[in-house]
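File shown here: input.cif, holding mmCIF, C-alpha atoms and all ligand atoms.
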data_model
#
loop_
_atom_site.label_atom_id
_atom_site.label_comp_id
_atom_site.auth_asym_id
_atom_site.auth_seq_id
_atom_site.Cartn_x
_atom_site.Cartn_y
_atom_site.Cartn_z
CA MET A 1 -22.34 -20.52 -6.32
CA GLU A 2 -23.75 -17.00 -6.41
CA LYS A 3 -21.51 -14.39 -7.95
CA ILE A 4 -19.81 -11.88 -5.66
CA LYS A 5 -20.66 -8.45 -7.02
CA ILE A 6 -17.88 -5.90 -6.82
CA GLY A 7 -18.02 -2.11 -7.07
CA LEU A 8 -14.87 -0.13 -7.82
CA ILE A 9 -14.24 3.40 -6.56
CA GLY A 10 -11.64 5.07 -8.78
CA ALA A 11 -11.03 4.12 -12.42
CA GLY A 12 -7.34 5.04 -12.58
CA GLY A 13 -4.01 3.34 -13.09
CA ILE A 14 -4.14 0.64 -10.44
CA VAL A 15 -7.73 -0.29 -11.26
CA GLN A 16 -7.17 -0.54 -15.02
CA SER A 17 -3.81 -2.28 -14.83
CA ALA A 18 -4.19 -4.54 -11.78
CA HIS A 19 -7.60 -4.80 -10.08
CA ILE A 20 -9.88 -5.25 -13.11
CA PRO A 21 -7.65 -7.78 -14.94
CA SER A 22 -7.12 -9.74 -11.68
CA LEU A 23 -10.80 -9.75 -10.67
CA LYS A 24 -11.80 -10.82 -14.20
CA LYS A 25 -9.68 -13.96 -13.79
CA ILE A 26 -11.72 -15.14 -10.78
CA LYS A 27 -14.71 -17.35 -11.45
CA ASP A 28 -17.97 -16.33 -9.75
CA VAL A 29 -16.94 -12.69 -9.42
CA GLU A 30 -18.64 -9.90 -11.34
CA ILE A 31 -17.42 -6.32 -11.57
CA THR A 32 -20.86 -4.76 -11.37
CA ALA A 33 -20.21 -1.04 -10.90
CA ILE A 34 -17.53 1.62 -11.04
CA ALA A 35 -17.36 5.23 -9.81
CA ASP A 36 -15.03 8.08 -10.75
CA ILE A 37 -15.41 11.85 -10.78
CA ASN A 38 -13.70 11.95 -14.20
CA LYS A 39 -16.63 11.36 -16.63
CA GLU A 40 -14.43 10.73 -19.66
CA LYS A 41 -12.34 8.08 -17.92
CA LEU A 42 -15.41 6.53 -16.30
CA LYS A 43 -17.09 6.10 -19.69
CA TYR A 44 -13.92 4.68 -21.28
CA VAL A 45 -13.28 2.17 -18.49
CA GLY A 46 -16.95 1.22 -18.14
CA GLU A 47 -17.19 0.43 -21.87
CA LYS A 48 -13.77 -1.19 -22.23
CA PHE A 49 -14.32 -3.63 -19.37
CA GLU A 50 -18.10 -4.01 -19.86
CA ILE A 51 -19.08 -2.77 -16.41
CA LYS A 52 -22.86 -2.50 -16.08
CA TYR A 53 -23.25 0.55 -13.82
CA THR A 54 -21.16 3.71 -13.76
CA PHE A 55 -21.45 6.50 -11.18
CA THR A 56 -19.85 9.91 -10.94
CA GLU A 57 -20.74 9.95 -7.24
CA TRP A 58 -19.15 7.20 -5.15
CA GLU A 59 -21.90 7.68 -2.52
CA LYS A 60 -24.35 6.13 -5.01
CA LEU A 61 -22.06 3.19 -5.76
CA VAL A 62 -21.84 2.14 -2.09
CA GLU A 63 -25.66 2.05 -1.95
CA ALA A 64 -25.92 -0.13 -5.09
CA ASP A 65 -26.73 -3.85 -5.14
CA ILE A 66 -23.15 -5.07 -4.68
CA ASP A 67 -21.36 -7.17 -2.05
CA ALA A 68 -18.01 -5.45 -1.80
CA VAL A 69 -16.12 -2.31 -2.75
CA VAL A 70 -12.53 -1.90 -3.92
CA ILE A 71 -11.32 1.62 -3.09
CA SER A 72 -8.63 3.08 -5.36
CA SER A 73 -9.27 6.81 -5.17
CA PRO A 74 -6.78 9.48 -4.02
CA ASN A 75 -5.56 8.75 -0.48
CA VAL A 76 -7.52 11.45 1.32
CA PHE A 77 -10.85 9.77 0.42
CA HIS A 78 -9.96 6.25 1.59
CA ALA A 79 -11.19 6.55 5.19
CA GLN A 80 -14.56 8.18 4.45
CA GLN A 81 -15.27 5.84 1.51
CA SER A 82 -14.30 2.72 3.51
CA ILE A 83 -16.46 3.75 6.44
CA ARG A 84 -19.49 4.62 4.32
CA ALA A 85 -19.15 1.38 2.32
CA MET A 86 -19.03 -0.77 5.48
CA GLU A 87 -21.94 1.15 7.01
CA SER A 88 -23.85 0.35 3.79
CA GLY A 89 -23.18 -3.36 4.37
CA LYS A 90 -20.30 -3.79 1.93
CA ASP A 91 -16.95 -5.53 2.53
CA VAL A 92 -13.96 -3.39 1.63
CA LEU A 93 -10.58 -3.80 -0.01
CA CYS A 94 -8.88 -0.42 0.39
CA GLU A 95 -5.76 0.67 -1.42
CA LYS A 96 -2.67 1.70 0.51
CA PRO A 97 -1.86 3.86 2.41
CA VAL A 98 -5.29 2.99 3.93
CA CYS A 99 -5.67 6.50 5.41
CA LEU A 100 -3.77 9.58 6.50
CA THR A 101 -4.02 9.51 10.32
CA SER A 102 -4.07 6.91 13.08
CA GLU A 103 -7.35 8.42 14.29
CA GLU A 104 -8.91 7.54 10.91
CA ALA A 105 -7.37 4.05 11.05
CA GLU A 106 -8.89 3.40 14.51
CA LYS A 107 -12.27 4.57 13.22
CA ILE A 108 -12.13 2.29 10.16
CA PHE A 109 -11.44 -0.78 12.31
CA LYS A 110 -14.13 0.21 14.84
CA VAL A 111 -16.69 0.44 12.02
CA ALA A 112 -15.49 -2.91 10.63
CA GLU A 113 -16.01 -4.49 14.08
CA ASP A 114 -19.40 -2.84 14.65
CA THR A 115 -20.75 -3.69 11.19
CA LYS A 116 -19.04 -7.14 11.02
CA ARG A 117 -17.70 -6.24 7.59
CA ILE A 118 -14.38 -7.38 6.17
CA PHE A 119 -11.83 -4.61 5.90
CA MET A 120 -8.70 -5.53 4.01
CA ALA A 121 -5.82 -3.21 3.11
CA ALA A 122 -4.29 -3.63 -0.35
CA PHE A 123 -0.63 -4.42 0.30
CA PRO A 124 0.37 -6.77 -2.54
CA ARG A 125 3.86 -7.41 -1.15
CA ARG A 126 2.24 -9.57 1.52
CA PHE A 127 1.63 -12.05 -1.31
CA SER A 128 5.15 -11.83 -2.76
CA GLY A 129 7.45 -14.84 -2.95
CA GLU A 130 9.79 -13.12 -0.48
CA ALA A 131 6.99 -12.85 2.11
CA LYS A 132 6.11 -16.52 1.58
CA VAL A 133 9.70 -17.50 2.33
CA LEU A 134 10.40 -15.13 5.22
CA LYS A 135 7.16 -14.99 7.20
CA PRO A 136 7.08 -18.67 8.30
CA MET A 137 10.82 -18.59 9.09
CA ILE A 138 10.39 -15.54 11.29
CA ASP A 139 7.25 -16.89 12.97
CA LYS A 140 9.08 -20.14 13.82
CA GLY A 141 11.91 -18.13 15.42
CA GLU A 142 14.49 -19.19 12.83
CA LEU A 143 15.96 -15.67 12.70
CA GLY A 144 15.88 -15.33 16.51
CA GLU A 145 15.14 -11.86 17.87
CA ILE A 146 15.01 -9.29 15.08
CA TYR A 147 16.48 -6.14 16.62
CA TYR A 148 17.46 -3.93 13.68
CA ILE A 149 15.62 -3.37 10.40
CA LYS A 150 16.52 -1.23 7.38
CA ALA A 151 13.83 -0.63 4.77
CA SER A 152 14.34 1.39 1.64
CA TYR A 153 12.28 2.35 -1.44
CA LEU A 154 14.22 4.73 -3.63
CA ARG A 155 13.71 6.24 -7.07
CA ARG A 156 16.15 8.51 -8.86
CA ARG A 157 13.74 10.42 -11.06
CA GLY A 158 10.18 9.17 -10.76
CA ILE A 159 7.43 11.35 -9.35
CA PRO A 160 4.07 9.66 -9.99
CA GLY A 161 1.31 11.75 -11.53
CA LEU A 162 3.44 14.88 -11.40
CA GLY A 163 1.13 17.85 -10.81
CA THR A 164 -1.97 15.68 -10.14
CA TRP A 165 -3.40 14.59 -6.77
CA PHE A 166 -0.20 12.56 -6.13
CA THR A 167 1.83 15.74 -5.54
CA ASP A 168 -0.95 17.67 -3.74
CA LYS A 169 -0.54 17.21 0.03
CA LYS A 170 -4.22 17.88 0.70
CA LEU A 171 -5.20 14.89 -1.48
CA ALA A 172 -2.24 12.54 -1.04
CA GLY A 173 -1.19 13.25 2.56
CA GLY A 174 2.47 13.32 1.55
CA GLY A 175 5.01 12.23 -1.04
CA PRO A 176 7.12 9.07 -1.40
CA MET A 177 6.96 8.02 2.26
CA ILE A 178 3.16 7.63 2.20
CA ASP A 179 3.12 6.49 -1.44
CA VAL A 180 5.88 3.87 -1.75
CA GLY A 181 7.59 3.87 1.67
CA VAL A 182 4.29 2.51 3.00
CA HIS A 183 4.74 -0.69 0.93
CA ILE A 184 8.09 -1.57 2.43
CA LEU A 185 7.02 -0.42 5.89
CA ASP A 186 3.94 -2.64 5.84
CA PHE A 187 6.10 -5.52 4.57
CA VAL A 188 8.50 -5.33 7.52
CA ILE A 189 5.87 -4.58 10.18
CA TYR A 190 3.95 -7.66 8.95
CA LEU A 191 7.09 -9.82 8.95
CA ILE A 192 8.26 -8.88 12.44
CA GLY A 193 4.91 -9.21 14.23
CA ALA A 194 3.54 -5.67 14.33
CA PRO A 195 5.41 -3.88 17.11
CA GLU A 196 4.17 -0.33 17.75
CA PRO A 197 6.32 2.78 17.42
CA GLU A 198 7.55 4.29 20.72
CA MET A 199 9.71 7.10 19.40
CA ILE A 200 10.19 8.53 15.90
CA ILE A 201 12.62 11.02 14.40
CA GLY A 202 11.75 11.96 10.82
CA SER A 203 13.15 14.23 8.12
CA LYS A 204 11.86 15.19 4.70
CA TYR A 205 13.21 17.16 1.78
CA GLU A 206 11.94 18.89 -1.38
CA LYS A 207 15.05 19.21 -3.51
CA PHE A 208 13.73 18.27 -6.95
CA LYS A 209 10.74 20.58 -7.32
CA ASP A 210 12.41 22.61 -10.06
CA LYS A 211 13.70 19.61 -11.99
CA ALA A 212 10.86 17.19 -11.29
CA VAL A 213 10.33 14.42 -13.85
CA ASP A 214 7.09 12.51 -14.24
CA GLY A 215 7.74 8.90 -13.26
CA GLY A 216 5.38 7.28 -15.75
CA TRP A 217 2.87 6.17 -13.13
CA PRO A 218 -0.11 5.98 -13.56
CA PRO A 219 0.49 4.40 -17.01
CA LEU A 220 -0.03 7.12 -19.62
CA GLU A 221 -2.80 5.19 -21.41
CA THR A 222 -4.85 5.10 -18.16
CA ARG A 223 -4.80 8.87 -17.61
CA ILE A 224 -7.77 9.66 -19.89
CA GLY A 225 -9.19 13.09 -19.08
CA ASP A 226 -6.94 13.65 -16.02
CA LYS A 227 -6.29 17.30 -15.24
CA THR A 228 -3.04 18.56 -13.79
CA THR A 229 -2.74 21.58 -11.53
CA GLY A 230 1.03 21.53 -11.52
CA LYS A 231 1.00 21.72 -7.73
CA ILE A 232 3.88 20.02 -5.88
CA ASP A 233 3.80 20.56 -2.14
CA VAL A 234 4.98 17.15 -0.94
CA GLU A 235 8.47 15.87 -0.16
CA ASP A 236 10.64 14.05 -2.69
CA LEU A 237 12.57 12.21 0.02
CA ALA A 238 11.69 11.29 3.60
CA CYS A 239 13.34 9.09 6.18
CA GLY A 240 12.59 7.97 9.70
CA PHE A 241 14.39 6.46 12.69
CA VAL A 242 11.88 4.49 14.73
CA LYS A 243 12.26 2.83 18.12
CA LEU A 244 9.73 0.01 18.38
CA SER A 245 7.85 -1.41 21.37
CA ASN A 246 9.74 -4.74 21.17
CA GLY A 247 13.08 -2.98 21.60
CA ALA A 248 13.95 -3.14 17.88
CA THR A 249 15.06 -0.16 15.78
CA LEU A 250 13.82 0.53 12.27
CA PHE A 251 15.39 2.88 9.74
CA ILE A 252 13.19 3.63 6.73
CA GLU A 253 13.80 5.84 3.70
CA ALA A 254 11.71 6.57 0.61
CA SER A 255 12.27 8.83 -2.38
CA TRP A 256 10.69 9.69 -5.71
CA ALA A 257 13.74 11.63 -6.80
CA GLY A 258 17.34 11.76 -5.62
CA ASN A 259 20.91 11.08 -6.68
CA SER A 260 21.12 7.55 -5.28
CA GLU A 261 20.79 3.87 -6.03
CA THR A 262 17.21 2.83 -6.82
CA GLY A 263 14.94 -0.02 -5.79
CA MET A 264 13.24 -1.62 -2.85
CA ARG A 265 15.45 -3.23 -0.21
CA VAL A 266 15.13 -4.70 3.26
CA SER A 267 17.74 -5.85 5.79
CA LEU A 268 16.74 -7.74 8.91
CA PHE A 269 19.27 -8.33 11.68
CA GLY A 270 18.29 -11.30 13.88
CA THR A 271 20.18 -12.99 16.73
CA LYS A 272 20.12 -16.37 14.92
CA ALA A 273 20.16 -15.20 11.28
CA GLY A 274 19.83 -12.09 9.16
CA VAL A 275 18.23 -11.30 5.80
CA GLN A 276 19.34 -9.12 2.94
CA MET A 277 16.54 -8.61 0.45
CA PRO A 278 17.78 -6.73 -2.61
CA ASP A 279 15.38 -5.24 -5.10
CA PRO A 280 13.46 -8.18 -6.61
CA GLN A 281 14.40 -6.87 -10.11
CA GLU A 282 18.10 -7.52 -9.40
CA SER A 283 18.16 -11.11 -10.63
CA LYS A 284 21.95 -11.42 -10.19
CA ASN A 285 21.74 -10.36 -6.55
CA PRO A 286 19.38 -12.80 -4.84
CA LEU A 287 17.84 -12.63 -1.38
CA ARG A 288 20.35 -13.99 1.16
CA ILE A 289 19.94 -15.39 4.61
CA PHE A 290 23.05 -14.86 6.75
CA SER A 291 23.21 -17.78 9.12
CA GLU A 292 25.63 -19.80 11.27
CA ASN A 293 25.89 -23.57 11.59
CA ASN A 294 28.32 -25.33 13.96
CA GLY A 295 30.40 -22.17 14.18
CA VAL A 296 30.53 -21.79 10.38
CA LEU A 297 29.02 -18.65 8.83
CA MET A 298 26.70 -19.56 5.96
CA ASP A 299 24.85 -17.62 3.27
CA ILE A 300 21.64 -19.33 2.22
CA ILE A 301 20.00 -18.40 -1.09
CA PRO A 302 16.39 -19.57 -1.03
CA HIS A 303 14.47 -20.23 -4.24
CA ILE A 304 11.81 -17.52 -4.16
CA PRO A 305 8.44 -18.80 -5.40
CA VAL A 306 7.02 -16.91 -8.35
CA SER A 307 3.89 -15.01 -7.41
CA ASP A 308 1.27 -12.79 -9.00
CA SER A 309 0.78 -10.53 -6.01
CA PHE A 310 -2.09 -8.39 -7.33
CA TYR A 311 -4.05 -11.47 -8.39
CA GLU A 312 -3.37 -13.32 -5.13
CA GLU A 313 -4.43 -10.21 -3.20
CA VAL A 314 -7.92 -10.16 -4.76
CA VAL A 315 -8.24 -13.94 -4.57
CA HIS A 316 -7.60 -13.64 -0.80
CA PHE A 317 -10.16 -10.84 -0.50
CA ILE A 318 -12.83 -12.90 -2.30
CA GLU A 319 -12.04 -15.92 -0.11
CA CYS A 320 -12.42 -13.76 3.02
CA ILE A 321 -15.82 -12.57 1.73
CA ARG A 322 -17.03 -16.12 0.98
CA LYS A 323 -15.74 -17.71 4.19
CA ARG A 324 -16.27 -14.62 6.41
CA LYS A 325 -12.61 -14.99 7.32
CA SER A 326 -10.37 -12.33 8.85
CA PRO A 327 -8.02 -10.95 6.16
CA ILE A 328 -4.23 -11.15 6.23
CA THR A 329 -3.95 -7.41 7.00
CA LYS A 330 -4.59 -7.12 10.75
CA LYS A 331 -5.69 -4.04 12.69
CA LYS A 332 -2.52 -4.00 14.85
CA GLU A 333 -0.26 -3.99 11.77
CA ILE A 334 -2.17 -1.31 9.89
CA ILE A 335 -2.41 0.99 12.92
CA SER A 336 1.34 0.67 13.49
CA VAL A 337 2.10 1.42 9.81
CA VAL A 338 -0.18 4.48 9.74
CA LYS A 339 1.23 5.73 13.08
CA ILE A 340 4.84 5.46 11.88
CA ILE A 341 4.18 7.46 8.70
CA GLU A 342 2.17 10.03 10.62
CA GLY A 343 5.01 10.26 13.17
CA ILE A 344 7.74 10.65 10.52
CA TYR A 345 5.85 13.56 8.92
CA LYS A 346 5.04 15.15 12.29
CA SER A 347 8.65 14.94 13.45
CA ALA A 348 9.90 16.28 10.10
CA GLU A 349 7.48 19.22 10.29
CA THR A 350 8.08 20.15 13.96
CA GLY A 351 11.78 19.32 14.08
CA ASN A 352 11.17 17.32 17.27
CA PRO A 353 11.02 13.60 18.01
CA VAL A 354 7.54 12.13 18.37
CA VAL A 355 7.23 10.08 21.57
CA PHE A 356 4.18 7.85 22.04
N1 LIG B 401 -1.01 -1.29 -4.38
C1 LIG B 401 -0.22 -0.67 -5.23
O1 LIG B 401 0.86 -1.14 -5.58
C2 LIG B 401 -0.68 0.65 -5.78
C3 LIG B 401 -0.14 1.13 -6.97
C4 LIG B 401 -0.59 2.36 -7.46
C5 LIG B 401 -1.54 3.08 -6.75
N2 LIG B 401 -2.05 2.59 -5.58
C6 LIG B 401 -3.03 3.36 -4.80
O2 LIG B 401 -4.27 3.33 -5.51
C7 LIG B 401 -4.93 4.59 -5.39
C8 LIG B 401 -5.18 5.15 -6.78
O3 LIG B 401 -3.94 5.30 -7.44
P1 LIG B 401 -3.82 5.31 -9.04
O4 LIG B 401 -2.40 5.12 -9.35
O5 LIG B 401 -4.83 4.42 -9.62
O6 LIG B 401 -4.19 6.84 -9.30
P2 LIG B 401 -5.00 7.49 -10.54
O7 LIG B 401 -4.80 8.94 -10.44
O8 LIG B 401 -4.62 6.80 -11.80
O9 LIG B 401 -6.50 7.10 -10.21
C9 LIG B 401 -7.26 7.71 -9.21
C10 LIG B 401 -8.66 7.92 -9.77
O10 LIG B 401 -9.50 8.38 -8.71
C11 LIG B 401 -10.40 9.33 -9.30
N3 LIG B 401 -10.97 10.15 -8.22
C12 LIG B 401 -10.53 11.32 -7.73
N4 LIG B 401 -11.35 11.73 -6.74
C13 LIG B 401 -12.31 10.78 -6.61
C14 LIG B 401 -13.43 10.64 -5.76
N5 LIG B 401 -13.72 11.54 -4.83
N6 LIG B 401 -14.20 9.54 -5.91
C15 LIG B 401 -13.93 8.62 -6.85
N7 LIG B 401 -12.88 8.71 -7.68
C16 LIG B 401 -12.07 9.77 -7.55
C17 LIG B 401 -9.55 10.09 -10.29
O11 LIG B 401 -10.36 10.73 -11.27
C18 LIG B 401 -8.72 8.96 -10.88
O12 LIG B 401 -9.32 8.40 -12.03
C19 LIG B 401 -4.02 5.46 -4.51
O13 LIG B 401 -4.45 5.41 -3.19
C20 LIG B 401 -2.65 4.81 -4.63
O14 LIG B 401 -1.87 5.01 -3.49
C21 LIG B 401 -1.65 1.38 -5.11
#
Starting from the file, give its structure as structure tokens.
Amino acid sequence: MEKIKIGLIGAGGIVQSAHIPSLKKIKDVEITAIADINKEKLKYVGEKFEIKYTFTEWEKLVEADIDAVVISSPNVFHAQQSIRAMESGKDVLCEKPVCLTSEEAEKIFKVAEDTKRIFMAAFPRRFSGEAKVLKPMIDKGELGEIYYIKASYLRRRGIPGLGTWFTDKKLAGGGPMIDVGVHILDFVIYLIGAPEPEMIIGSKYEKFKDKAVDGGWPPLETRIGDKTTGKIDVEDLACGFVKLSNGATLFIEASWAGNSETGMRVSLFGTKAGVQMPDPQESKNPLRIFSENNGVLMDIIPHIPVSDSFYEEVVHFIECIRKRKSPITKKKEIISVVKIIEGIYKSAETGNPVVF
């Protein structure tokens, strides 16, 4: 079997800690090229992982003799890099949040259709044990109609890359809602069948600017040569109340800093059963399914399969490339996710609800 040749755009934390180690485990895959504007980091990563070609301009990487591109640059570049890569004949795995606006998202999927390239969004929680348990149950109607959803991703003191692109609105598009809220939002939109937003009320706050603490991401050893500007013009907490096209209501909240509990949680309220998904780190508080059998209320505790989400994500991408198969991340889901985040920020900025 011929090797699939991969080019990486961005040589930062997620690439060094997840994408390269995962891709290296797959037989018949070669990491052929890498691009980053940071020369020092590019050289270090290129040498450490024995990557043949290094580029300081990503435009050259997408023209190189490779089959696919994995995009892990700051958020603002995702749309243009995905589009240019597909137009150059490459399949694309693009890091979350995929892009900053629904207009960009529509364009990405139009280019994917026109060029017949694979476009996959990197949402590792789709490959989590929790998703493997819940998705088939929901698809078979075992929870009934899901009419209320709460999704939460909270940190107490943990601003990633404080003072780098992460906290610069121009480069990141926003703070915790677009950075980590997007994970939990994609997870629930995928689970419940991708309804679209009809009305959104959003709020956001910047209360920790003066006492901001770097959250340790990207891992310190991956930050070679990174420069900080010290700029923080994104929120540290955002939340949204979303009425969905299937009649359901979603409440979502995300923070990098706040005086609250921490972790990633989901509650699903269905007419036949409900789900409480505590943070996967809380081993003493397992995922519960609230059900009823013959008039008796029951709590079911499923055994959650162990998964290696980042590895399974790239395995799926490579399989889609080989079999020319449509990836797990569908256009309808991604557009809905991007629209909800865009709507939360718009509502928070204007003070008005966003009605679609
Ligand atoms: N899926 C996940 O769980 C997950 C986790 C962390 C980050 N991410 C996403 O991955 C992306 C990168 O995050 P990170 O944590 O690796 O950040 P990082 O800051 O460690 O890495 C980003 C890299 O991009 C480089 N860069 C900047 N501008 C560039 C350009 N124009 N072209 C090429 N490279 C450029 C920077 O020099 C840096 O090395 C972000 O979109 C982030 O949201 C996803």
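Proximity ranking of A:Ala33, A:Ile159, A:Cys94, A:Met298 relative to Gly216 in chain A places A:Ile159 first, based on all atoms listed in the file.
Closest approach to ligand LIG 401 (chain B) among A:Glu30, A:Glu59, A:Asp139, A:Asp308: A:Glu59, based on only C-alpha atoms and all ligand atoms.
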With distances taken over all atoms listed in the file, the candidate from A:Ala122, A:Leu8, A:Leu154, A:Cys99 nearest Glu313 in chain A is A:Ala122
Quick one: axis-aligned box around all listed atoms of ligand LIG 401 (chain B), 5 Å on every side, centre and edge lengths in Å to one decimal, written as lines of an AutoDock Vina configuration file.
center_x = -6.7
center_y = 5.2
center_z = -7.6
size_x = 25.1
size_y = 23.0
size_z = 18.8
Rank A:Gly181, A:Pro302, A:Pro124, A:Gly12 by their smallest atom-to-atom distance to Val275 in chain A, using only C-alpha atoms, and report the top residue only.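 Among the listed residues, the smallest separation from Val275 in chain A belongs to A:Pro302.
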Near-ligand residues for ligand LIG 401 (chain B), threshold 7 Å, all atoms listed in the file, as number ranges by chain: A: 9-15, 35-38, 41, 57-58, 72-75, 77, 95-97, 122-124, 161, 165, 179, 217-218, 222-223, 226
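Taking CA of Ala18 in chain A as the reference point, CA of Glu312 in chain A is found at 11.0 Å.
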